[in-house]
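Colleague: So that you have it, the file is input06.cif, and it contains mmCIF, C-alpha atoms and all ligand atoms:
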```
data_target
loop_
_atom_site.label_atom_id
_atom_site.label_comp_id
_atom_site.auth_asym_id
_atom_site.auth_seq_id
_atom_site.Cartn_x
_atom_site.Cartn_y
_atom_site.Cartn_z
CA MET A 92 39.54 27.91 157.77
CA PRO A 93 42.70 26.16 156.56
CA THR A 94 43.18 26.65 152.86
CA HIS A 95 46.01 24.16 152.44
CA PRO A 96 45.72 20.50 151.54
CA THR A 97 46.55 18.28 154.50
CA LEU A 98 50.22 17.84 155.20
CA HIS A 99 52.04 15.57 157.57
CA PRO A 100 51.97 17.45 160.91
CA ALA A 101 55.75 17.30 161.11
CA LEU A 102 55.97 19.53 158.07
CA SER A 103 53.59 22.45 158.23
CA PRO A 104 52.88 24.45 155.08
CA ASP A 105 54.86 27.29 156.64
CA LYS A 106 57.90 25.11 157.16
CA LEU A 107 57.63 23.75 153.65
CA CYS A 108 57.51 27.28 152.24
CA ARG A 109 60.50 28.30 154.35
CA LEU A 110 62.41 25.30 153.01
CA ILE A 111 61.61 26.31 149.44
CA ALA A 112 62.47 29.95 150.07
CA ARG A 113 65.89 29.14 151.46
CA GLN A 114 66.75 26.69 148.68
CA PRO A 115 69.60 28.49 146.85
CA PRO A 116 69.24 28.47 143.05
CA GLY A 117 71.86 26.37 141.32
CA PHE A 118 72.44 24.08 144.31
CA ALA A 119 71.32 20.51 144.99
CA LEU A 120 68.12 20.28 147.04
CA GLU A 121 68.21 20.19 150.79
CA ARG A 122 68.09 16.88 152.64
CA ASP A 123 64.39 17.05 153.54
CA PHE A 124 63.36 16.84 149.90
CA TYR A 125 64.93 13.39 149.71
CA THR A 126 64.18 12.11 153.21
CA SER A 127 60.93 13.58 154.51
CA ASP A 128 57.86 11.32 154.52
CA ALA A 129 55.68 14.43 154.44
CA ILE A 130 57.32 15.77 151.29
CA TYR A 131 57.02 12.33 149.73
CA GLN A 132 53.26 12.47 150.36
CA TYR A 133 53.19 15.93 148.84
CA ASP A 134 55.06 14.59 145.79
CA LEU A 135 52.49 11.84 145.31
CA GLN A 136 49.52 14.12 145.78
CA HIS A 137 50.65 17.04 143.67
CA TYR A 138 53.66 16.36 141.49
CA TRP A 139 52.85 12.77 140.57
CA GLY A 140 49.13 13.22 141.12
CA GLU A 141 48.95 16.08 138.63
CA SER A 142 51.69 15.45 136.03
CA TRP A 143 51.27 13.58 132.79
CA HIS A 144 52.74 10.07 132.81
CA TRP A 145 53.88 7.99 129.89
CA VAL A 146 52.27 4.61 130.58
CA GLY A 147 52.95 2.64 127.42
CA HIS A 148 52.30 2.23 123.70
CA SER A 149 48.97 1.63 121.98
CA SER A 150 50.41 -1.53 120.39
CA GLN A 151 50.35 -3.11 123.86
CA LEU A 152 46.53 -3.06 123.68
CA PRO A 153 45.73 -4.40 120.20
CA ASN A 154 42.39 -6.05 121.12
CA SER A 155 39.22 -5.23 122.97
CA GLY A 156 39.70 -6.08 126.67
CA ASP A 157 43.50 -5.93 126.59
CA TYR A 158 44.73 -4.07 129.63
CA PHE A 159 47.78 -3.23 131.72
CA LEU A 160 48.28 -1.44 135.01
CA PHE A 161 50.32 1.69 135.63
CA GLU A 162 51.29 2.07 139.28
CA PHE A 163 53.20 4.51 141.48
CA GLY A 164 53.14 5.30 145.19
CA THR A 165 49.58 4.82 146.41
CA GLU A 166 48.00 4.73 142.95
CA SER A 167 47.07 2.05 140.45
CA VAL A 168 45.48 2.80 137.08
CA ILE A 169 43.93 0.38 134.58
CA ILE A 170 44.62 1.22 130.94
CA THR A 171 42.36 -0.73 128.60
CA ARG A 172 40.68 -0.79 125.18
CA ASP A 173 36.90 -1.23 124.99
CA GLU A 174 34.73 -3.07 122.46
CA SER A 175 34.59 -0.04 120.18
CA GLY A 176 38.38 0.29 120.13
CA GLN A 177 38.46 3.31 122.43
CA LEU A 178 41.22 3.52 125.05
CA HIS A 179 40.40 4.25 128.70
CA ALA A 180 42.27 4.88 131.92
CA HIS A 181 40.49 4.27 135.23
CA LEU A 182 41.54 4.30 138.85
CA ASN A 183 41.89 0.72 140.04
CA VAL A 184 39.76 1.42 143.10
CA CYS A 185 36.35 -0.20 143.62
CA ARG A 186 33.53 2.27 144.13
CA HIS A 187 32.00 0.01 146.81
CA ARG A 188 34.56 -0.18 149.60
CA GLY A 189 37.70 0.54 147.73
CA SER A 190 39.36 -2.77 146.93
CA ARG A 191 41.72 -3.01 143.98
CA VAL A 192 39.52 -4.28 141.18
CA CYS A 193 42.20 -5.61 138.84
CA LEU A 194 45.02 -7.65 140.37
CA GLU A 195 47.03 -8.76 137.34
CA GLN A 196 49.63 -6.46 135.82
CA SER A 197 48.36 -7.11 132.30
CA GLY A 198 46.01 -9.40 130.43
CA ASN A 199 42.68 -9.52 128.65
CA ALA A 200 39.31 -9.19 130.34
CA ARG A 201 35.69 -8.87 129.22
CA ARG A 202 34.99 -6.91 132.37
CA PHE A 203 36.70 -6.06 135.65
CA THR A 204 35.14 -7.82 138.62
CA CYS A 205 36.12 -6.74 142.09
CA PRO A 206 37.55 -9.68 144.06
CA TYR A 207 35.82 -8.52 147.29
CA HIS A 208 32.02 -8.42 146.74
CA ALA A 209 32.06 -8.93 142.98
CA TRP A 210 30.92 -5.54 141.75
CA SER A 211 31.66 -5.72 138.07
CA TYR A 212 32.67 -2.93 135.69
CA GLN A 213 32.52 -2.64 131.91
CA LEU A 214 35.70 -1.90 129.99
CA ASN A 215 34.50 1.70 129.72
CA GLY A 216 34.27 1.89 133.51
CA GLU A 217 30.49 1.64 133.91
CA LEU A 218 29.21 -0.41 136.82
CA ARG A 219 27.22 -3.40 135.57
CA ALA A 220 23.96 -4.67 137.02
CA GLY A 221 24.15 -7.78 139.16
CA ARG A 222 25.21 -8.18 142.80
CA LEU A 223 23.49 -4.84 143.38
CA HIS A 224 20.05 -6.07 144.54
CA LEU A 225 21.09 -5.79 148.19
CA MET A 226 22.01 -2.14 147.84
CA PRO A 227 19.66 0.57 149.22
CA GLU A 228 16.57 1.29 147.13
CA ASP A 229 17.75 4.67 145.94
CA PHE A 230 21.09 3.24 144.75
CA LYS A 231 21.85 4.22 141.16
CA ARG A 232 24.62 2.28 139.46
CA GLU A 233 25.25 5.21 137.08
CA ASP A 234 26.59 7.07 140.10
CA TYR A 235 29.37 4.55 140.70
CA PRO A 236 31.56 4.04 137.62
CA LEU A 237 35.28 3.51 138.04
CA LEU A 238 36.85 6.96 138.36
CA PRO A 239 38.35 8.03 135.04
CA ALA A 240 41.85 9.42 134.48
CA HIS A 241 42.74 11.66 131.54
CA LEU A 242 44.32 9.80 128.65
CA VAL A 243 46.06 11.20 125.58
CA GLU A 244 47.57 9.24 122.71
CA TYR A 245 50.46 10.91 120.90
CA GLN A 246 51.86 9.04 117.89
CA GLY A 247 51.10 5.75 119.66
CA LEU A 248 52.55 6.83 123.02
CA LEU A 249 49.95 6.79 125.82
CA PHE A 250 49.94 9.43 128.55
CA ILE A 251 47.64 9.68 131.55
CA SER A 252 47.06 12.23 134.29
CA LEU A 253 45.12 11.84 137.52
CA ALA A 254 44.64 15.60 137.91
CA ALA A 255 41.19 17.17 137.71
CA ASN A 256 42.76 19.73 135.36
CA PRO A 257 45.96 18.26 133.94
CA PRO A 258 48.86 20.46 132.81
CA PRO A 259 48.60 21.68 129.20
CA LEU A 260 49.97 19.24 126.65
CA ALA A 261 48.47 20.04 123.24
CA ALA A 262 50.76 22.95 122.33
CA GLU A 263 53.90 20.98 123.23
CA LEU A 264 52.75 17.95 121.27
CA ALA A 265 51.99 20.16 118.27
CA ARG A 266 55.55 21.55 118.37
CA LEU A 267 57.09 18.12 118.83
CA ALA A 268 54.98 16.38 116.19
CA PRO A 269 57.05 17.30 113.10
CA LEU A 270 60.25 16.43 114.96
CA THR A 271 59.19 12.94 116.06
CA GLN A 272 57.09 12.15 112.96
CA PRO A 273 60.03 10.72 110.93
CA PHE A 274 60.62 8.09 113.64
CA GLY A 275 57.16 6.57 113.01
CA LEU A 276 56.49 6.22 116.73
CA GLU A 277 52.95 5.00 116.11
CA GLN A 278 54.40 1.98 114.27
CA LEU A 279 56.57 0.77 117.15
CA LYS A 280 56.15 -2.21 119.44
CA VAL A 281 57.47 -2.88 122.92
CA VAL A 282 59.97 -5.74 122.81
CA HIS A 283 61.37 -5.62 126.32
CA GLN A 284 60.67 -4.01 129.69
CA ALA A 285 63.00 -4.18 132.67
CA SER A 286 62.60 -3.06 136.23
CA TYR A 287 65.47 -1.87 138.43
CA PRO A 288 64.46 -1.21 142.04
CA VAL A 289 66.69 1.38 143.69
CA ALA A 290 66.83 2.35 147.37
CA ALA A 291 66.47 6.08 146.82
CA ASN A 292 63.93 8.86 146.56
CA TRP A 293 62.49 9.22 143.04
CA LYS A 294 64.05 12.67 142.63
CA LEU A 295 67.57 11.27 142.90
CA ALA A 296 66.76 8.70 140.21
CA LEU A 297 65.25 11.31 137.90
CA GLU A 298 68.11 13.75 138.51
CA ASN A 299 70.63 11.08 137.63
CA TYR A 300 68.93 10.64 134.28
CA MET A 301 68.82 14.38 133.66
CA GLU A 302 72.55 15.04 133.66
CA CYS A 303 75.56 13.63 131.90
CA TYR A 304 78.19 15.11 134.20
CA HIS A 305 78.45 11.60 135.64
CA CYS A 306 78.54 9.80 132.28
CA ALA A 307 82.30 9.91 131.68
CA PRO A 308 83.32 8.66 135.13
CA SER A 309 80.42 6.22 135.62
CA HIS A 310 79.37 4.85 132.24
CA ARG A 311 82.33 3.55 130.23
CA GLU A 312 80.02 1.72 127.80
CA TYR A 313 77.83 4.76 127.14
CA ALA A 314 80.63 7.32 127.14
CA ARG A 315 82.58 5.68 124.34
CA SER A 316 79.71 6.18 121.88
CA HIS A 317 77.70 9.21 123.07
CA SER A 318 79.31 12.63 122.72
CA ILE A 319 76.96 14.28 125.20
CA LYS A 320 79.38 13.40 127.98
CA ASP A 321 81.95 15.77 126.37
CA PRO A 322 80.57 19.29 125.63
CA GLU A 323 83.51 20.23 123.38
CA ALA A 324 83.19 17.14 121.20
CA PHE A 325 79.45 17.69 121.12
CA VAL A 326 79.82 21.22 119.72
CA ARG A 327 82.54 20.20 117.26
CA MET A 328 80.51 17.31 115.84
CA THR A 329 77.11 19.00 115.66
CA PRO A 330 77.41 20.66 112.19
CA GLU A 331 78.26 17.31 110.64
CA LEU A 332 75.39 15.66 112.51
CA HIS A 333 72.97 18.27 111.19
CA ARG A 334 74.13 17.63 107.64
CA ARG A 335 73.53 13.91 108.12
CA CYS A 336 70.15 14.52 109.83
CA ILE A 337 68.88 16.43 106.84
CA SER A 338 70.01 13.78 104.42
CA ALA A 339 68.35 11.07 106.58
CA GLY A 340 65.08 13.03 106.69
CA LEU A 341 65.29 14.40 110.23
CA PRO A 342 64.71 18.02 111.28
CA THR A 343 67.49 19.63 113.33
CA THR A 344 65.21 21.87 115.40
CA GLU A 345 65.71 21.88 119.15
CA ILE A 346 63.04 22.49 121.77
CA SER A 347 63.61 23.27 125.42
CA MET A 348 60.70 24.48 127.53
CA THR A 349 60.26 24.39 131.29
CA ASP A 350 57.21 25.85 133.00
CA THR A 351 58.23 27.75 136.12
CA SER A 352 54.86 29.40 136.77
CA GLY A 353 54.06 26.95 139.54
CA GLN A 354 50.71 26.24 137.90
CA HIS A 355 51.57 23.02 136.11
CA ALA A 356 53.33 20.04 137.68
CA GLY A 357 55.88 18.47 135.35
CA HIS A 358 55.09 20.79 132.46
CA SER A 359 58.09 20.68 130.12
CA ALA A 360 59.16 19.65 126.65
CA TYR A 361 62.61 18.89 125.29
CA TYR A 362 63.94 17.64 121.98
CA ARG A 363 67.58 17.62 120.96
CA ARG A 364 69.50 15.33 118.65
CA TYR A 365 73.12 14.89 119.55
CA PRO A 366 76.05 13.18 117.81
CA LEU A 367 77.33 9.70 118.44
CA TYR A 368 81.05 9.22 117.87
CA PRO A 369 82.26 8.21 114.38
CA GLY A 370 81.71 4.51 113.78
CA TYR A 371 78.49 4.41 115.82
CA ASP A 372 75.23 4.23 113.90
CA THR A 373 73.23 3.63 117.05
CA GLY A 374 73.54 2.85 120.77
CA SER A 375 75.11 -0.57 120.24
CA GLU A 376 78.22 -2.18 121.70
CA ASP A 377 80.07 -2.30 118.37
CA GLY A 378 78.45 0.70 116.65
CA GLN A 379 76.58 -1.51 114.18
CA PRO A 380 72.81 -1.17 113.59
CA LEU A 381 70.56 -3.04 116.00
CA ALA A 382 67.20 -3.16 114.20
CA PRO A 383 65.50 -1.90 111.01
CA LEU A 384 65.52 1.87 110.50
CA LEU A 385 62.52 3.56 112.09
CA GLY A 386 59.70 5.31 110.27
CA THR A 387 60.69 7.26 107.19
CA LEU A 388 64.40 7.54 108.00
CA SER A 389 66.44 6.87 104.89
CA SER A 390 69.82 6.35 106.55
CA TYR A 391 71.68 6.34 109.86
CA ASP A 392 72.59 9.92 110.73
CA GLY A 393 74.86 8.90 113.62
CA GLY A 394 72.71 10.71 116.18
CA ALA A 395 70.52 10.09 119.20
CA THR A 396 67.64 12.26 120.41
CA ASP A 397 66.85 13.17 123.98
CA LEU A 398 63.09 13.59 124.12
CA GLN A 399 61.13 14.73 127.14
CA ILE A 400 57.34 15.04 127.14
CA GLY A 401 56.83 16.30 130.66
CA MET A 402 59.52 16.13 133.33
CA LEU A 403 58.71 12.55 134.27
CA ASN A 404 58.68 11.08 130.75
CA ASN A 405 62.04 10.65 129.08
CA PHE A 406 62.95 8.89 125.87
CA LEU A 407 66.00 8.22 123.73
CA LEU A 408 65.35 8.00 120.02
CA TYR A 409 68.02 6.19 118.04
CA SER A 410 67.68 5.66 114.30
CA ASP A 411 66.58 2.06 114.80
CA HIS A 412 65.07 1.80 118.27
CA VAL A 413 63.58 3.80 121.13
CA VAL A 414 64.24 3.51 124.86
CA GLY A 415 61.74 4.93 127.34
CA TYR A 416 62.41 5.63 131.00
CA ARG A 417 60.20 5.94 134.08
CA PHE A 418 61.26 6.54 137.69
CA LEU A 419 58.28 5.40 139.74
CA PRO A 420 58.13 6.21 143.44
CA THR A 421 57.28 3.16 145.54
CA GLY A 422 58.28 4.63 148.92
CA PRO A 423 60.03 7.69 150.36
CA GLN A 424 63.37 6.03 149.63
CA GLU A 425 62.31 3.40 147.13
CA THR A 426 61.97 3.86 143.39
CA GLU A 427 61.40 1.49 140.52
CA ILE A 428 63.33 2.44 137.41
CA GLN A 429 61.45 1.03 134.44
CA THR A 430 63.22 0.83 131.10
CA VAL A 431 61.26 0.01 127.95
CA TRP A 432 62.72 -0.90 124.54
CA LEU A 433 60.74 -0.42 121.33
CA VAL A 434 61.49 -1.28 117.70
CA GLN A 435 59.59 -1.07 114.43
CA ALA A 436 56.40 -3.16 114.66
CA GLU A 437 57.31 -5.49 111.79
CA ALA A 438 60.77 -6.33 113.09
CA GLU A 439 61.16 -9.96 114.13
CA ALA A 440 63.39 -11.15 116.94
CA GLY A 441 66.26 -13.28 115.62
CA ARG A 442 65.75 -12.09 112.05
CA ASP A 443 65.78 -8.29 112.38
CA TYR A 444 67.16 -7.76 115.85
CA ASP A 445 68.96 -9.61 118.59
CA LEU A 446 67.25 -8.78 121.88
CA GLU A 447 70.39 -9.24 123.94
CA LYS A 448 72.34 -6.81 121.77
CA LEU A 449 69.41 -4.38 121.63
CA ILE A 450 69.09 -4.00 125.39
CA TRP A 451 72.80 -4.28 126.23
CA LEU A 452 73.69 -0.59 126.52
CA TRP A 453 70.79 0.65 128.64
CA ASP A 454 70.81 -2.47 130.77
CA VAL A 455 74.46 -2.07 131.80
CA THR A 456 73.99 1.68 132.11
CA THR A 457 70.91 1.40 134.31
CA GLN A 458 72.59 -1.20 136.50
CA ALA A 459 75.46 1.23 137.01
CA ASP A 460 72.98 4.04 137.71
CA GLU A 461 71.24 1.94 140.35
CA LYS A 462 74.50 1.84 142.33
CA ILE A 463 75.24 5.54 141.85
CA ILE A 464 71.73 6.57 142.90
CA ARG A 465 71.72 4.24 145.93
CA HIS A 466 75.03 5.65 147.13
CA ASN A 467 73.75 9.16 146.49
CA GLN A 468 70.77 8.54 148.80
CA ALA A 469 73.01 7.03 151.47
CA GLY A 470 75.15 10.16 151.48
CA VAL A 471 72.17 12.50 151.43
CA ASN A 472 70.74 10.68 154.47
CA SER A 473 73.72 11.89 156.52
CA LEU A 474 72.86 14.72 158.91
CA HIS A 475 76.01 16.38 157.58
CA TYR A 476 74.86 16.50 153.93
CA ARG A 477 74.57 19.96 152.41
CA GLY A 478 73.58 20.37 148.76
CA GLY A 479 76.53 21.51 146.62
CA PRO A 480 76.59 23.61 143.42
CA LEU A 481 75.37 22.19 140.11
CA SER A 482 77.77 22.11 137.15
CA GLN A 483 77.11 23.50 133.68
CA MET A 484 76.30 19.93 132.63
CA GLU A 485 73.49 19.68 135.18
CA GLY A 486 71.13 22.23 133.63
CA GLY A 487 68.41 19.60 133.28
CA ILE A 488 68.35 19.24 137.06
CA ALA A 489 68.09 23.00 137.51
CA ASP A 490 65.09 22.99 135.15
CA PHE A 491 63.47 20.18 137.11
CA TYR A 492 64.01 22.05 140.39
CA SER A 493 62.42 25.21 138.93
CA ASN A 494 59.29 23.34 137.94
CA TYR A 495 59.15 21.18 141.06
CA LEU A 496 59.79 23.91 143.62
CA SER A 497 57.51 26.44 141.95
CA THR A 498 54.72 23.83 141.87
CA LEU A 499 55.24 23.06 145.56
CA ALA A 500 55.31 26.74 146.49
CA ASN A 501 52.21 27.45 144.43
CA ARG A 502 50.17 24.75 146.21
CA TYR A 503 51.13 25.79 149.72
CA ASP A 504 52.29 29.40 149.78
CA GLY A 505 49.60 31.74 151.07
S1 LIG B 601 34.99 -3.49 147.61
FE1 LIG B 601 34.64 -4.01 145.54
S2 LIG B 601 32.75 -5.03 145.57
FE2 LIG B 601 33.07 -4.48 147.62
FE FE B 602 73.59 7.45 134.48
#
```
Please lay out the structure from this file as structure tokens.

Modeller:
Amino acid sequence: MPTHPTLHPALSPDKLCRLIARQPPGFALERDFYTSDAIYQYDLQHYWGESWHWVGHSSQLPNSGDYFLFEFGTESVIITRDESGQLHAHLNVCRHRGSRVCLEQSGNARRFTCPYHAWSYQLNGELRAGRLHLMPEDFKREDYPLLPAHLVEYQGLLFISLAANPPPLAAELARLAPLTQPFGLEQLKVVHQASYPVAANWKLALENYMECYHCAPSHREYARSHSIKDPEAFVRMTPELHRRCISAGLPTTEISMTDTSGQHAGHSAYYRRYPLYPGYDTGSEDGQPLAPLLGTLSSYDGGATDLQIGMLNNFLLYSDHVVGYRFLPTGPQETEIQTVWLVQAEAEAGRDYDLEKLIWLWDVTTQADEKIIRHNQAGVNSLHYRGGPLSQMEGGIADFYSNYLSTLANRYDG
């Protein structure tokens, strides 16, 4: 009896395991990981299908019936709030013959009615009576609710997982909680979301985000304010940053954890505050503040935090705003980069922040990244591509590979 999940016949489990085994540590992945349809299907089923995903902020669902969709690859998930205020995540797949039930990206609904034969579901996923009288006599509507996904709220940030047994999250969130608490994440609101389609495999988009080796040559706007592109400056400026963190009310603890057991897709946590150059209070064009200080911060410390809650969920915490990133696979060589900007809930556009100024840095930076990533895929598609060695500034990629490859190997080896 085969013990492996189904794979594309062109890539047997044995071949996949050989590919993983011959992948040299410290080198970019082999071509197949970025080009193979079979590996893309594996990614959707296991890596994306099991990981935790940051889908949004609770402030996006203030009222009963508010909903939005979270979508990647083959999957679509409805995130909604029911009449009692409880949040839910359900697969957007009708339990009759499988149609998408909800077709709008966001909105407010009293119930979700399938557009095909009008089966109708409560906000909590239960199938309602009605339109069911033609079903067989022994049909029980309790047996056909929308399939639930796991949902966790962390300081207002919403995470879902489609796995039967999602990777652990509680211990990481407990360690991160005192570090992110001063930013008052639960009191944020989303003020802008942008989508940047890129013709590349999702791994190339994620990898690009995970290293700053390319920042100096590729991101003039970012590099003039963020010291992370220059390891020497970073080290030199860190003691002063820590002094300013403490006086602003921010811990200086760092967390870096990557699960390489192969058991848990995307299981990682990262928190590090790093210095901006003198004259920069935040990630703005001129160094000036962009919005009211977040949470309980008492001053600008001149830092920015890289925060990762699972490999696929990356955030930048400035003193006055937060930027969230997602790299959603939409095809083997198609990815949607989604960038989300959040500020303090009470801040008013025009009075407390200028939206254009707020989004300037990560808009120009992501547009530049789109080009870099697209050209990266084009080169990797060449039959002559061979993965080269990673630099000391690409440690984040090495961590991703360890988790990704060990997960792959665990699902298919033996
Ligand atoms: S597929 Fe949804 S009601 Fe038939
Ligand atoms: Fe970049």

Colleague: Choose the residue, out of A:His358, A:His412, A:His208, A:His224, that has the smallest atom-to-atom separation from His144 in chain A; count all atoms listed in the file.

Modeller: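 Closest to His144 in chain A, using all atoms listed in the file: A:His358.
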
Colleague: Using only C-alpha atoms and all ligand atoms, which residues of chain A come within 8 Å of ligand LIG 601 (chain B), and what is the closest atom pair for each, with the distance in Å to one decimal? Give it as CSV, sorted by chain and residue number.

Modeller:
```
residue,atom,partner,partner_atom,distance
A:Val184,CA,B:LIG601,FE1,7.9
A:Cys185,CA,B:LIG601,FE1,4.6
A:Arg186,CA,B:LIG601,FE1,6.5
A:His187,CA,B:LIG601,S1,4.7
A:Arg188,CA,B:LIG601,S1,3.9
A:Gly189,CA,B:LIG601,S1,4.9
A:Ser190,CA,B:LIG601,S1,4.5
A:Arg191,CA,B:LIG601,FE1,7.3
A:Val192,CA,B:LIG601,FE1,6.5
A:Thr204,CA,B:LIG601,S2,7.9
A:Cys205,CA,B:LIG601,FE1,4.6
A:Pro206,CA,B:LIG601,FE1,6.5
A:Tyr207,CA,B:LIG601,FE2,4.9
A:His208,CA,B:LIG601,S2,3.7
A:Ala209,CA,B:LIG601,S2,4.7
A:Trp210,CA,B:LIG601,S2,4.3
A:Ser211,CA,B:LIG601,S2,7.6
```

Colleague: Using only C-alpha atoms and all ligand atoms, which of A:Arg363, A:Lys320, A:Arg502, A:Arg327 sits nearest ligand FE 602 (chain B)?

Modeller: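 So, comparing all the options, the nearest one is A:Lys320.
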
Colleague: For Ala459 in chain A, which residue out of A:Glu162, A:Glu312, A:Asp372, A:Asp105 is the nearest one, using only C-alpha atoms?

Modeller: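 Ranked by minimum distance to Ala459 in chain A, first place goes to A:Glu312.
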
Colleague: Mind listing the residues within 10 Å of ligand FE 602 (chain B), only C-alpha atoms and all ligand atoms counted, as a PyMOL selection string?

Modeller: chain A and resi 296-310+313+453+455-464

Colleague: Just the residues within 9 Å of range 110-113 of chain A, please, counting all atoms listed in the file, with nothing from its chain fewer than 5 positions along; format it as a CSV table (one decimal) with C-alpha atoms, in the frame of the given file.

Modeller:
```csv
chain,number,residue,atom,x,y,z
A,105,ASP,CA,54.9,27.3,156.6
A,121,GLU,CA,68.2,20.2,150.8
A,123,ASP,CA,64.4,17.0,153.5
A,496,LEU,CA,59.8,23.9,143.6
A,497,SER,CA,57.5,26.4,142.0
A,499,LEU,CA,55.2,23.1,145.6
A,500,ALA,CA,55.3,26.7,146.5
```

Colleague: Residues within 7 Å of range 230-237 of chain A, please, as number ranges by chain. Count all atoms listed in the file; anything in the same chain fewer than 6 positions from it doesn't count.

Modeller: A: 181-182, 185-186, 216-218

Colleague: CA of Ile319 in chain A and CA of Gly370 in chain A, how far apart in Å?

Modeller: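 Pair CA of Gly370 in chain A / CA of Ile319 in chain A returns 15.8 Å.
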
Colleague: Choose the residue, out of A:Ala339, A:Pro330, A:Cys108, A:Leu385, that has the smallest atom-to-atom separation from Tyr365 in chain A; count all atoms listed in the file.

Modeller: A:Pro330

Colleague: Enclose the full set of atoms of range 248-257 of chain A listed in the file within a box whose edges lie along x, y and z, apply 5 Å of padding to each of the six sides, and report centre and edge lengths in Å to one decimal as lines of an AutoDock Vina configuration file.

Modeller:
```
center_x = 46.9
center_y = 13.3
center_z = 130.5
size_x = 21.4
size_y = 22.9
size_z = 24.9
```
